[in-house]
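*Asks:* Got a file for you: structure-v5.cif, mmCIF, C-alpha atoms and all ligand atoms.
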```cif
data_query
loop_
_atom_site.label_atom_id
_atom_site.label_comp_id
_atom_site.auth_asym_id
_atom_site.auth_seq_id
_atom_site.Cartn_x
_atom_site.Cartn_y
_atom_site.Cartn_z
CA MET G 14 -87.39 31.71 30.05
CA PRO G 15 -83.87 31.14 31.46
CA VAL G 16 -82.08 27.93 30.51
CA LYS G 17 -82.51 24.93 32.88
CA VAL G 18 -79.16 23.70 34.18
CA GLN G 19 -78.52 19.97 33.96
CA CYS G 20 -76.81 19.45 37.29
CA GLU G 21 -75.24 16.11 36.41
CA LYS G 22 -73.27 17.86 33.67
CA LEU G 23 -71.80 20.42 36.06
CA CYS G 24 -68.42 20.11 37.71
CA PRO G 25 -69.16 18.28 41.02
CA GLU G 26 -67.51 21.11 42.96
CA TRP G 27 -70.03 23.62 41.62
CA PRO G 28 -73.25 24.31 43.46
CA CYS G 29 -76.19 23.13 41.38
CA GLU G 30 -78.52 26.08 41.22
CA GLN G 31 -81.09 27.07 38.62
CA PRO G 32 -80.85 30.60 37.16
CA ASP G 33 -84.46 31.34 38.12
CA GLU G 34 -83.56 30.99 41.83
CA PHE G 35 -81.68 34.29 41.55
CA HIS G 36 -83.19 37.77 41.67
CA ASP G 37 -82.27 41.45 41.70
CA ILE G 38 -79.53 43.57 40.23
CA TRP G 39 -76.70 44.40 42.59
CA VAL G 40 -74.35 47.33 42.20
CA VAL G 41 -71.17 47.30 44.30
CA MET G 42 -70.52 50.72 45.87
CA GLU G 43 -67.04 51.95 46.71
CA ALA G 44 -66.73 54.35 49.59
CA ASP G 45 -64.02 55.97 51.66
CA GLU G 46 -63.72 58.99 53.93
CA HIS G 47 -64.64 61.24 50.98
CA GLY G 48 -67.95 59.46 50.29
CA ILE G 49 -69.17 57.05 47.63
CA ASN G 50 -67.10 57.32 44.52
CA GLU G 51 -68.75 58.57 41.35
CA ALA G 52 -67.65 55.57 39.28
CA SER G 53 -69.69 53.14 41.36
CA LEU G 54 -72.76 55.42 41.27
CA GLN G 55 -72.39 55.46 37.47
CA MET G 56 -73.09 51.69 37.45
CA LEU G 57 -76.64 52.48 38.59
CA THR G 58 -77.28 53.68 35.01
CA PRO G 59 -76.87 50.21 33.38
CA ALA G 60 -78.65 48.70 36.40
CA LYS G 61 -81.64 50.93 35.62
CA LYS G 62 -81.49 49.93 31.96
CA ILE G 63 -81.60 46.23 32.90
CA GLN G 64 -84.42 46.92 35.36
CA SER G 65 -86.42 48.71 32.65
CA LYS G 66 -86.51 45.37 30.78
CA LYS G 67 -86.99 43.28 33.94
CA PRO G 68 -89.30 45.40 36.11
CA ASP G 69 -89.71 42.69 38.79
CA GLU G 70 -86.04 42.94 39.72
CA LYS G 71 -84.96 45.40 42.39
CA ILE G 72 -81.77 47.44 42.20
CA VAL G 73 -79.70 46.77 45.31
CA ALA G 74 -76.60 48.79 46.18
CA VAL G 75 -74.04 46.93 48.30
CA LEU G 76 -71.97 49.17 50.56
CA VAL G 77 -69.04 47.59 52.41
CA GLY G 78 -66.46 49.35 54.59
CA HIS G 79 -65.95 51.20 57.85
CA ASP G 80 -68.02 54.27 58.76
CA VAL G 81 -69.97 53.98 55.50
CA LYS G 82 -73.51 53.61 56.82
CA LYS G 83 -73.88 57.39 56.70
CA TYR G 84 -73.75 57.18 52.88
CA ALA G 85 -76.54 54.58 52.54
CA GLU G 86 -79.17 57.08 51.33
CA ILE G 87 -77.02 58.26 48.41
CA PRO G 88 -77.51 55.27 46.05
CA ILE G 89 -81.24 55.36 46.80
CA LYS G 90 -81.48 58.96 45.62
CA HIS G 91 -79.69 57.90 42.43
CA GLY G 92 -82.01 54.98 41.67
CA ALA G 93 -81.32 52.02 44.00
CA ASP G 94 -84.40 50.41 45.59
CA LYS G 95 -82.49 48.94 48.53
CA VAL G 96 -79.06 49.15 50.10
CA ILE G 97 -77.27 46.37 51.95
CA VAL G 98 -74.67 47.83 54.31
CA VAL G 99 -71.82 46.04 56.06
CA ASP G 100 -70.14 48.62 58.27
CA ASP G 101 -67.42 47.30 60.55
CA PRO G 102 -64.14 48.70 61.98
CA ARG G 103 -62.37 45.54 60.76
CA LEU G 104 -63.03 46.83 57.24
CA ALA G 105 -61.19 50.11 57.86
CA THR G 106 -58.34 49.01 55.56
CA TYR G 107 -59.30 47.85 52.11
CA TYR G 108 -58.00 44.38 51.27
CA PRO G 109 -59.32 42.85 48.02
CA ARG G 110 -59.84 39.34 49.44
CA VAL G 111 -61.56 40.58 52.58
CA TYR G 112 -63.94 42.96 50.82
CA GLY G 113 -64.49 40.45 48.00
CA GLN G 114 -65.36 37.69 50.48
CA VAL G 115 -67.87 39.91 52.29
CA ILE G 116 -69.69 40.38 48.97
CA VAL G 117 -69.41 36.64 48.17
CA ASP G 118 -71.03 35.78 51.52
CA LEU G 119 -73.82 38.29 50.93
CA ALA G 120 -74.36 36.92 47.40
CA LYS G 121 -74.62 33.37 48.78
CA LYS G 122 -77.28 34.55 51.20
CA TYR G 123 -79.34 36.79 48.90
CA LYS G 124 -78.69 35.16 45.48
CA PRO G 125 -78.57 38.20 43.17
CA ALA G 126 -79.17 37.56 39.46
CA VAL G 127 -76.72 40.29 38.41
CA ILE G 128 -73.71 41.98 40.03
CA LEU G 129 -72.31 45.11 38.39
CA VAL G 130 -68.93 46.45 39.49
CA SER G 131 -67.13 49.57 38.30
CA ALA G 132 -63.77 48.74 36.74
CA THR G 133 -61.82 50.95 39.12
CA MET G 134 -58.60 49.64 40.67
CA ARG G 135 -60.66 48.06 43.45
CA GLY G 136 -63.33 46.77 41.09
CA ARG G 137 -60.73 45.11 38.90
CA GLU G 138 -59.42 43.29 41.97
CA MET G 139 -62.68 42.40 43.66
CA GLY G 140 -64.81 41.60 40.59
CA PRO G 141 -62.79 38.58 39.40
CA TYR G 142 -62.36 37.37 43.01
CA ILE G 143 -66.14 37.41 43.52
CA ALA G 144 -66.84 35.75 40.15
CA ASN G 145 -64.24 33.04 40.65
CA THR G 146 -65.32 32.26 44.21
CA LEU G 147 -68.97 32.06 43.15
CA ARG G 148 -67.98 29.95 40.11
CA THR G 149 -69.57 32.33 37.64
CA GLY G 150 -68.50 34.40 34.64
CA ILE G 151 -67.59 38.06 34.45
CA THR G 152 -67.34 40.32 31.41
CA ALA G 153 -64.89 43.15 31.89
CA ASP G 154 -65.08 46.66 30.44
CA CYS G 155 -68.59 46.54 29.02
CA THR G 156 -69.69 49.58 27.08
CA ASP G 157 -73.37 48.73 27.28
CA PHE G 158 -75.80 46.23 28.82
CA ASP G 159 -79.09 44.85 27.53
CA VAL G 160 -81.42 41.94 28.12
CA ASP G 161 -82.00 38.94 25.83
CA GLU G 162 -85.73 39.08 25.17
CA LYS G 163 -86.07 35.28 24.83
CA THR G 164 -84.15 34.08 27.87
CA GLY G 165 -84.06 37.15 30.09
CA ASP G 166 -80.26 36.80 30.33
CA VAL G 167 -78.26 39.99 30.62
CA LEU G 168 -76.28 40.84 27.50
CA MET G 169 -72.90 42.30 28.31
CA ILE G 170 -71.79 44.36 25.34
CA ARG G 171 -68.18 45.27 24.66
CA PRO G 172 -65.76 45.64 21.78
CA PRO G 173 -63.56 42.58 21.37
CA PHE G 174 -59.82 43.21 21.24
CA ALA G 175 -58.74 45.27 18.26
CA ALA G 176 -62.03 44.97 16.45
CA ILE G 177 -64.61 47.51 15.39
CA MET G 178 -67.55 45.15 15.96
CA LEU G 179 -69.34 44.63 19.28
CA ALA G 180 -69.48 41.32 21.18
CA TYR G 181 -72.69 40.34 23.03
CA ILE G 182 -71.67 38.10 25.91
CA LYS G 183 -74.00 36.27 28.28
CA THR G 184 -73.79 33.85 31.18
CA PRO G 185 -76.66 31.45 30.47
CA PHE G 186 -76.05 28.73 33.09
CA ARG G 187 -74.38 30.36 36.06
CA ARG G 188 -75.56 33.08 38.41
CA PRO G 189 -74.94 35.83 39.28
CA GLN G 190 -74.23 37.36 35.88
CA MET G 191 -71.33 39.72 36.43
CA GLY G 192 -70.04 42.64 34.40
CA THR G 193 -67.82 45.67 34.84
CA ALA G 194 -67.64 48.98 33.01
CA ARG G 195 -64.86 51.51 33.18
CA PRO G 196 -65.40 54.84 34.94
CA ASN G 197 -67.18 57.49 32.86
CA VAL G 198 -68.65 55.05 30.34
CA PHE G 199 -72.04 55.78 31.94
CA PRO G 200 -73.26 58.96 33.64
CA VAL G 201 -74.38 59.03 37.29
CA PRO G 202 -78.21 58.92 37.21
CA GLU G 203 -79.75 62.26 38.20
CA PRO G 204 -80.61 62.26 41.91
CA ASP G 205 -84.22 62.36 43.03
CA GLU G 206 -84.34 63.67 46.60
CA SER G 207 -87.86 62.35 47.10
CA ARG G 208 -86.84 58.69 46.60
CA THR G 209 -86.89 56.37 49.61
CA GLY G 210 -85.73 52.79 49.96
CA GLU G 211 -84.95 50.00 52.37
CA ILE G 212 -81.59 49.93 54.15
CA ILE G 213 -80.56 46.48 55.37
CA GLU G 214 -77.69 46.28 57.85
CA GLU G 215 -75.75 43.03 57.81
CA LYS G 216 -73.34 42.10 60.59
CA LEU G 217 -69.85 40.91 59.79
CA GLU G 218 -69.07 37.68 61.58
CA ASP G 219 -65.86 35.98 60.53
CA ILE G 220 -63.33 37.90 58.56
CA LEU G 221 -60.94 36.34 56.07
CA ASP G 222 -57.17 36.61 56.51
CA PRO G 223 -56.27 39.32 53.96
CA GLY G 224 -53.15 37.40 52.91
CA MET G 225 -51.26 40.70 52.87
CA GLN G 226 -50.54 43.63 55.14
CA LEU G 227 -50.70 47.34 54.44
CA VAL G 228 -47.34 48.68 55.55
CA SER G 229 -47.77 52.35 54.71
CA HIS G 230 -50.09 54.58 52.73
CA THR G 231 -48.82 57.61 50.82
CA PRO G 232 -51.43 59.46 48.77
CA VAL G 233 -50.17 60.22 45.24
CA LYS G 234 -49.44 63.93 44.89
CA ARG G 235 -51.29 65.23 41.90
CA SER G 236 -50.49 68.71 40.76
CA GLU G 237 -53.02 68.68 37.97
CA VAL G 238 -56.67 67.82 37.60
CA LEU G 239 -57.21 64.13 36.78
CA ILE G 240 -58.10 63.68 33.12
CA GLU G 241 -61.32 61.89 34.06
CA LYS G 242 -62.46 65.05 35.88
CA ALA G 243 -61.11 67.65 33.44
CA GLU G 244 -63.51 70.01 31.68
CA ILE G 245 -61.07 70.79 28.87
CA ILE G 246 -58.58 68.30 27.43
CA VAL G 247 -55.91 68.86 24.81
CA SER G 248 -55.04 65.36 23.68
CA VAL G 249 -51.95 64.50 21.66
CA GLY G 250 -51.32 61.58 19.33
CA LYS G 251 -48.32 60.15 17.59
CA GLY G 252 -48.64 62.99 15.05
CA ILE G 253 -47.45 65.48 17.68
CA GLY G 254 -44.03 64.10 16.74
CA THR G 255 -41.67 65.68 19.28
CA PRO G 256 -41.50 66.79 22.95
CA GLU G 257 -41.56 70.38 21.64
CA GLY G 258 -44.94 69.61 20.09
CA VAL G 259 -46.16 68.35 23.47
CA GLN G 260 -44.97 71.63 25.06
CA LEU G 261 -47.13 73.54 22.55
CA ALA G 262 -50.10 71.36 23.51
CA GLU G 263 -49.37 72.02 27.20
CA LYS G 264 -49.29 75.76 26.57
CA LEU G 265 -52.63 75.58 24.77
CA ALA G 266 -54.11 73.48 27.59
CA SER G 267 -52.87 75.86 30.24
CA LEU G 268 -54.32 78.92 28.45
CA LEU G 269 -57.67 77.14 28.23
CA GLY G 270 -57.52 76.00 31.86
CA GLY G 271 -57.36 72.37 30.74
CA VAL G 272 -55.02 69.38 30.93
CA VAL G 273 -53.02 67.31 28.46
CA ALA G 274 -53.87 63.68 27.68
CA GLY G 275 -52.93 61.38 24.82
CA SER G 276 -53.47 58.32 22.66
CA ARG G 277 -51.80 55.00 23.31
CA LYS G 278 -49.18 55.72 20.67
CA ALA G 279 -48.44 59.03 22.44
CA VAL G 280 -47.94 57.06 25.66
CA ASP G 281 -45.72 54.51 23.86
CA ALA G 282 -43.63 57.37 22.46
CA GLY G 283 -43.22 58.83 25.97
CA PHE G 284 -45.14 62.04 25.15
CA VAL G 285 -47.62 61.54 28.02
CA THR G 286 -47.63 59.30 31.08
CA PRO G 287 -49.79 56.13 31.06
CA ASP G 288 -52.28 57.59 33.59
CA ARG G 289 -53.17 60.13 30.88
CA GLN G 290 -54.05 57.62 28.15
CA VAL G 291 -57.54 57.99 26.74
CA GLY G 292 -59.34 55.00 25.24
CA GLN G 293 -60.28 51.38 25.61
CA THR G 294 -57.25 50.41 27.65
CA GLY G 295 -56.82 53.91 29.04
CA LYS G 296 -59.42 56.14 30.63
CA SER G 297 -62.84 57.34 29.58
CA VAL G 298 -63.17 61.09 29.80
CA LYS G 299 -66.11 63.49 29.66
CA PRO G 300 -64.77 67.00 29.06
CA VAL G 301 -66.85 69.80 27.65
CA LEU G 302 -64.13 70.32 25.02
CA TYR G 303 -61.72 67.67 23.64
CA ILE G 304 -59.04 68.97 21.26
CA ALA G 305 -57.32 66.06 19.50
CA ILE G 306 -53.99 66.95 17.90
CA GLY G 307 -52.32 64.41 15.57
CA ILE G 308 -54.68 61.60 16.61
CA SER G 309 -56.00 59.36 13.83
CA GLY G 310 -59.24 58.41 15.62
CA ALA G 311 -58.87 54.63 16.01
CA ALA G 312 -61.96 52.94 17.47
CA GLN G 313 -60.04 52.04 20.64
CA HIS G 314 -59.21 55.71 21.19
CA MET G 315 -62.67 57.05 20.39
CA LEU G 316 -64.27 54.69 22.95
CA GLY G 317 -62.71 56.88 25.62
CA VAL G 318 -64.34 60.09 24.37
CA ARG G 319 -67.93 58.91 23.94
CA GLU G 320 -69.09 61.25 26.71
CA ALA G 321 -67.09 64.28 25.48
CA GLY G 322 -69.06 67.44 24.65
CA ARG G 323 -67.37 69.04 21.63
CA ILE G 324 -64.54 67.27 19.77
CA VAL G 325 -62.14 69.40 17.75
CA ALA G 326 -59.65 67.50 15.58
CA ILE G 327 -56.44 68.88 14.08
CA ASN G 328 -54.90 66.47 11.60
CA ILE G 329 -52.72 66.75 8.52
CA ASP G 330 -54.59 63.95 6.74
CA PRO G 331 -58.04 65.00 5.43
CA GLU G 332 -59.03 61.30 5.36
CA ALA G 333 -58.20 60.72 9.04
CA PRO G 334 -61.11 58.78 10.65
CA ILE G 335 -61.27 61.25 13.54
CA PHE G 336 -62.89 63.83 11.26
CA ARG G 337 -65.94 61.56 10.98
CA GLN G 338 -66.51 61.81 14.72
CA SER G 339 -65.54 65.43 15.39
CA ASP G 340 -67.70 68.50 15.71
CA TYR G 341 -64.97 70.67 14.16
CA GLY G 342 -62.00 69.62 12.05
CA VAL G 343 -58.93 71.56 10.97
CA VAL G 344 -56.83 69.97 8.22
CA GLY G 345 -53.14 70.80 8.26
CA ASP G 346 -49.86 70.56 10.11
CA TYR G 347 -50.77 71.18 13.75
CA ARG G 348 -47.84 73.55 14.50
CA PRO G 349 -49.02 76.76 12.79
CA ILE G 350 -52.62 75.99 13.80
CA VAL G 351 -51.83 75.53 17.50
CA GLU G 352 -49.44 78.50 17.46
CA ALA G 353 -52.21 80.69 15.98
CA LEU G 354 -54.64 79.46 18.65
CA ILE G 355 -52.11 80.23 21.39
CA GLU G 356 -51.47 83.69 19.96
CA GLU G 357 -55.18 84.47 19.85
CA LEU G 358 -55.76 83.17 23.38
CA GLU G 359 -52.83 85.23 24.69
CA ARG G 360 -54.24 88.29 23.00
CA LEU G 361 -57.60 87.67 24.64
CA LYS G 362 -55.88 87.15 27.98
CA GLN G 363 -54.21 90.52 27.67
CA GLU G 364 -57.60 92.10 27.07
CA GLY G 365 -58.48 90.78 30.53
CA PRO G 366 -59.48 87.41 31.97
CA GLN G 367 -63.15 88.16 31.29
CA ALA G 368 -62.72 88.13 27.49
CA LEU G 369 -61.35 84.56 27.56
CA GLU G 370 -63.88 83.38 30.12
CA GLU G 371 -66.73 84.78 28.05
CA LEU G 372 -65.41 83.07 24.91
CA LEU G 373 -65.19 79.74 26.74
CA LYS G 374 -68.68 80.15 28.19
CA GLU G 375 -70.04 80.94 24.73
CA ALA G 376 -68.32 77.85 23.31
CA GLN G 377 -69.75 75.67 26.10
CA ALA G 378 -73.25 77.01 25.58
CA SER G 379 -73.23 76.61 21.79
C1 LIG Z 401 -56.66 46.02 22.30
C2 LIG Z 401 -56.26 47.40 21.94
C3 LIG Z 401 -56.49 48.40 22.83
C4 LIG Z 401 -56.13 49.72 22.51
N1 LIG Z 401 -56.38 50.72 23.42
C5 LIG Z 401 -56.12 51.99 23.06
C6 LIG Z 401 -56.42 53.08 23.93
O1 LIG Z 401 -56.89 52.89 25.05
N2 LIG Z 401 -56.17 54.33 23.50
C7 LIG Z 401 -55.62 54.61 22.28
O2 LIG Z 401 -55.44 55.78 21.95
N3 LIG Z 401 -55.31 53.60 21.45
C8 LIG Z 401 -55.52 52.30 21.82
N4 LIG Z 401 -55.17 51.31 20.98
C9 LIG Z 401 -54.35 51.65 19.78
C10 LIG Z 401 -55.19 52.19 18.63
O3 LIG Z 401 -55.64 51.11 17.84
C11 LIG Z 401 -54.34 53.11 17.75
O4 LIG Z 401 -53.19 52.43 17.32
C12 LIG Z 401 -53.92 54.40 18.46
O5 LIG Z 401 -55.03 55.03 19.03
C13 LIG Z 401 -53.31 55.33 17.42
O6 LIG Z 401 -52.76 56.43 18.06
P1 LIG Z 401 -52.54 57.80 17.26
O7 LIG Z 401 -53.83 58.25 16.70
O8 LIG Z 401 -51.81 58.70 18.20
O9 LIG Z 401 -51.49 57.37 16.14
P2 LIG Z 401 -51.67 57.14 14.60
O10 LIG Z 401 -52.78 56.21 14.30
O11 LIG Z 401 -50.31 56.78 14.08
O12 LIG Z 401 -52.11 58.55 14.03
C14 LIG Z 401 -51.29 59.68 14.01
C15 LIG Z 401 -52.07 60.78 13.32
O13 LIG Z 401 -51.33 61.96 13.34
C16 LIG Z 401 -51.55 62.64 12.12
N5 LIG Z 401 -50.39 63.55 11.91
C17 LIG Z 401 -49.11 63.23 11.60
N6 LIG Z 401 -48.34 64.34 11.54
C18 LIG Z 401 -49.16 65.39 11.80
C19 LIG Z 401 -48.97 66.79 11.89
N7 LIG Z 401 -47.77 67.34 11.71
N8 LIG Z 401 -50.03 67.58 12.17
C20 LIG Z 401 -51.27 67.06 12.37
N9 LIG Z 401 -51.51 65.70 12.30
C21 LIG Z 401 -50.48 64.90 12.04
C22 LIG Z 401 -51.62 61.55 11.09
O14 LIG Z 401 -52.32 61.98 9.92
C23 LIG Z 401 -52.39 60.47 11.86
O15 LIG Z 401 -53.79 60.58 11.64
C24 LIG Z 401 -55.52 50.00 21.27
C25 LIG Z 401 -55.28 48.96 20.39
C26 LIG Z 401 -55.64 47.69 20.71
C27 LIG Z 401 -55.36 46.59 19.74
#
```
Take the structure in this file and express it as structure tokens.

*Replies:*
Amino acid sequence: MPVKVQCEKLCPEWPCEQPDEFHDIWVVMEADEHGINEASLQMLTPAKKIQSKKPDEKIVAVLVGHDVKKYAEIPIKHGADKVIVVDDPRLATYYPRVYGQVIVDLAKKYKPAVILVSATMRGREMGPYIANTLRTGITADCTDFDVDEKTGDVLMIRPPFAAIMLAYIKTPFRRPQMGTARPNVFPVPEPDESRTGEIIEEKLEDILDPGMQLVSHTPVKRSEVLIEKAEIIVSVGKGIGTPEGVQLAEKLASLLGGVVAGSRKAVDAGFVTPDRQVGQTGKSVKPVLYIAIGISGAAQHMLGVREAGRIVAINIDPEAPIFRQSDYGVVGDYRPIVEALIEELERLKQEGPQALEELLKEAQAS
């Protein structure tokens, strides 16, 4: 049973509501002209986990924006029971306060028990706005979610700063219970084309002053694949030592058709740019192959590679923690090892592109 709130003990500004007045698990969808982004669909996975322990609760996707109604079926195919859509030309430009307030108003009307938001740039802006305006808590960067069997409260699970333990955080008195998870921590649930669900269209009445104005919009030019989408990643740590070492890693990545990423210490040393940091405060990645060169394997780094297929570690220290979490480990100075790999890959390339492709396919299948 959820805890009963003693209203007289609450701050007088706060609405006095009992947790059991709130129902359903909301997942905030992010959409633009390219469709619904994968990161928000991934949040349907923890929503389904919570629902498996609370089968009376429905999963509701909330889709806010302009020209987004056409995407409403997508979350249903991936596991949502209902979708609430607010589609309005006044939402053509994303402003955190405006979008956040639309969700706040919907939450006041429907009273969801849980709101899950992906910790994308938008999610990191909107999530705290929604939580603060609704006077509730939010747990950022969860790595898992569960349900407290006694109270039915959602348990938001995440590593505390710099620790190897896990913290179980709950919001016993306030509703909704809010949590975020970073992109790629969870997979997108497999679609089921036969699923159907209710689509509720809500009209936008008043719109909040955004408090800011978009002056111009220049898409960032990206010459390479984003690390969160890359199939093959060669990741460098502090042990790479010099910019020449990074060049070797880049050569290896390019021969494999992959990209270079790095640990936080590699970012601090200027070996890779911050948008390529893997880990707790960087990005979560899900490549088929992750080659870690000169990375010790700190818990904060390894959190970012939970979804990786094969992990290959190259490290001079046989006791390096990364070897405990790798599929293959090579002990030694990385230079001759990476040079030998490059030499072999170049030889294969000369034999024809098929030889290398076949080797990669074999590695992926094994
Ligand atoms: C709150 C918090 C958040 C954090 N977030 C992140 C994060 O998102 N991502 C992240 O990566 N870290 C993060 N960290 C930092 C993390 O704890 C580690 O300090 C960091 O991951 C270590 O980076 P590294 O493995 O490159 O360096 P080190 O730990 O210094 O390891 C270098 C490795 O290189 C090896 N080496 C040295 N020379 C060679 C050589 N010639 N050949 C082969 N191997 C060699 C060494 O044996 C060693 O294992 C976070 C820390 C905190 C407190």

*Asks:* Could you check which of G:Thr58, G:Gln114, G:Ile212, G:Asp281 is closest to Lys83 in chain G, using all atoms listed in the file?

*Replies:*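 Checking each candidate against Lys83 in chain G, we get G:Ile212 as the closest.
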
*Asks:* Hey, could you make a per-residue contact list for chain G against ligand LIG 401 (chain Z) with 6 Å as the cut-off, showing the nearest pair of atoms and its distance in Å to one decimal, counting only C-alpha atoms and all ligand atoms, sorted by chain and number, as JSON lines?

*Replies:*
```
{"residue": "G:Phe174", "atom": "CA", "partner": "Z:LIG401", "partner_atom": "C1", "distance": 4.4}
{"residue": "G:Ala175", "atom": "CA", "partner": "Z:LIG401", "partner_atom": "C27", "distance": 3.9}
{"residue": "G:Gly250", "atom": "CA", "partner": "Z:LIG401", "partner_atom": "O8", "distance": 3.1}
{"residue": "G:Lys251", "atom": "CA", "partner": "Z:LIG401", "partner_atom": "O8", "distance": 3.8}
{"residue": "G:Gly252", "atom": "CA", "partner": "Z:LIG401", "partner_atom": "O13", "distance": 3.3}
{"residue": "G:Ser276", "atom": "CA", "partner": "Z:LIG401", "partner_atom": "O2", "distance": 3.3}
{"residue": "G:Arg277", "atom": "CA", "partner": "Z:LIG401", "partner_atom": "O2", "distance": 4.0}
{"residue": "G:Lys278", "atom": "CA", "partner": "Z:LIG401", "partner_atom": "O6", "distance": 4.5}
{"residue": "G:Ala279", "atom": "CA", "partner": "Z:LIG401", "partner_atom": "O8", "distance": 5.4}
{"residue": "G:Val291", "atom": "CA", "partner": "Z:LIG401", "partner_atom": "N2", "distance": 5.1}
{"residue": "G:Gly292", "atom": "CA", "partner": "Z:LIG401", "partner_atom": "O1", "distance": 3.2}
{"residue": "G:Gln293", "atom": "CA", "partner": "Z:LIG401", "partner_atom": "O1", "distance": 3.8}
{"residue": "G:Thr294", "atom": "CA", "partner": "Z:LIG401", "partner_atom": "O1", "distance": 3.6}
{"residue": "G:Gly295", "atom": "CA", "partner": "Z:LIG401", "partner_atom": "O1", "distance": 4.1}
{"residue": "G:Gly307", "atom": "CA", "partner": "Z:LIG401", "partner_atom": "O13", "distance": 3.5}
{"residue": "G:Ile308", "atom": "CA", "partner": "Z:LIG401", "partner_atom": "O7", "distance": 3.5}
{"residue": "G:Ser309", "atom": "CA", "partner": "Z:LIG401", "partner_atom": "O15", "distance": 3.3}
{"residue": "G:Gly310", "atom": "CA", "partner": "Z:LIG401", "partner_atom": "O7", "distance": 5.5}
{"residue": "G:Ala311", "atom": "CA", "partner": "Z:LIG401", "partner_atom": "O5", "distance": 4.9}
{"residue": "G:Gln313", "atom": "CA", "partner": "Z:LIG401", "partner_atom": "C5", "distance": 4.6}
{"residue": "G:His314", "atom": "CA", "partner": "Z:LIG401", "partner_atom": "O2", "distance": 3.8}
{"residue": "G:Ile327", "atom": "CA", "partner": "Z:LIG401", "partner_atom": "C20", "distance": 5.7}
{"residue": "G:Asn328", "atom": "CA", "partner": "Z:LIG401", "partner_atom": "N9", "distance": 3.5}
{"residue": "G:Ile329", "atom": "CA", "partner": "Z:LIG401", "partner_atom": "N9", "distance": 4.1}
{"residue": "G:Asp330", "atom": "CA", "partner": "Z:LIG401", "partner_atom": "O14", "distance": 4.4}
{"residue": "G:Ala333", "atom": "CA", "partner": "Z:LIG401", "partner_atom": "O15", "distance": 5.1}
{"residue": "G:Gly345", "atom": "CA", "partner": "Z:LIG401", "partner_atom": "C20", "distance": 5.9}
{"residue": "G:Asp346", "atom": "CA", "partner": "Z:LIG401", "partner_atom": "N8", "distance": 3.6}
{"residue": "G:Tyr347", "atom": "CA", "partner": "Z:LIG401", "partner_atom": "N8", "distance": 4.0}
```

*Asks:* Within 12 Å of Gly283 in chain G, counting only C-alpha atoms, which residues qualify if same-chain residues fewer than 6 places away don't, as an mmCIF file with C-alpha atoms, in the frame of the given file?

*Replies:*
```cif
data_model
loop_
_atom_site.group_PDB
_atom_site.id
_atom_site.type_symbol
_atom_site.label_atom_id
_atom_site.label_comp_id
_atom_site.auth_asym_id
_atom_site.auth_seq_id
_atom_site.Cartn_x
_atom_site.Cartn_y
_atom_site.Cartn_z
ATOM 1 C CA VAL G 249 -51.950 64.500 21.660
ATOM 2 C CA GLY G 250 -51.320 61.580 19.330
ATOM 3 C CA LYS G 251 -48.320 60.150 17.590
ATOM 4 C CA ILE G 253 -47.450 65.480 17.680
ATOM 5 C CA GLY G 254 -44.030 64.100 16.740
ATOM 6 C CA THR G 255 -41.670 65.680 19.280
ATOM 7 C CA PRO G 256 -41.500 66.790 22.950
ATOM 8 C CA VAL G 259 -46.160 68.350 23.470
ATOM 9 C CA ALA G 274 -53.870 63.680 27.680
ATOM 10 C CA GLY G 275 -52.930 61.380 24.820
ATOM 11 C CA SER G 276 -53.470 58.320 22.660
ATOM 12 C CA ARG G 277 -51.800 55.000 23.310
ATOM 13 C CA ARG G 289 -53.170 60.130 30.880
ATOM 14 C CA GLN G 290 -54.050 57.620 28.150
#
```

*Asks:* Just give me the gap between CA of Thr133 in chain G and CA of Glu211 in chain G in Å, one decimal is fine.

*Replies:*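 These two atoms are separated by 26.7 Å.
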
*Asks:* At what distance in Å, to one decimal, does CA of Pro200 in chain G lie from CA of Val77 in chain G?

*Replies:* 22.3 Å

*Asks:* Counting only C-alpha atoms, which residues of range 90-124 of chain G sit at most 8 Å from some atom of range 51-57 of chain G, and what is each one's closest atom pair with its distance in Å to one decimal, listed by chain and rising residue number, as a Markdown table?

*Replies:*
```
| residue | atom | partner | partner_atom | distance |
| --- | --- | --- | --- | --- |
| G:His91 | CA | G:Leu57 | CA | 7.3 |
| G:Gly92 | CA | G:Leu57 | CA | 6.7 |
| G:Ala93 | CA | G:Leu57 | CA | 7.2 |
```

*Asks:* With only C-alpha atoms as the basis for distance, which of G:Gly140, G:Asp101, G:Tyr303, G:Trp27 is at the shortest distance from Glu218 in chain G?

*Replies:*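 Nearest candidate to Glu218 in chain G out of G:Gly140, G:Asp101, G:Tyr303, G:Trp27: G:Asp101.
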
*Asks:* Give me the residues within 12 Å of His47 in chain G as a list in words, counting all atoms listed in the file and dropping any in the same chain fewer than 6 places off.

*Replies:*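 Near neighbours after the sequence-gap exclusion: Asp80, Val81, Lys83 and Tyr84 of chain G.
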
*Asks:* Residues at most 7 Å from Pro125 in chain G, counting all atoms listed in the file, excluding those fewer than 3 positions away in the same chain, as a ChimeraX atom specification?

*Replies:* /G:35-39,120,128,189

*Asks:* Can you work out the spacing between CA of Lys61 in chain G and CA of Pro196 in chain G in Å, to one decimal?

*Replies:*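 It comes out at 16.7 Å.
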
*Asks:* Could you produce a table of the residues of range 61-146 of chain G lying within 10 Å of range 225-230 of chain G, with the nearest pair of atoms per residue and their separation in Å rounded to one decimal, using only C-alpha atoms, ordered by chain and increasing residue number, as a tab-separated table?

*Replies:*
```
residue	atom	partner	partner_atom	distance
G:Thr106	CA	G:Leu227	CA	7.9
G:Tyr107	CA	G:Leu227	CA	8.9
G:Tyr108	CA	G:Met225	CA	7.8
G:Pro109	CA	G:Met225	CA	9.6
G:Arg110	CA	G:Met225	CA	9.3
```
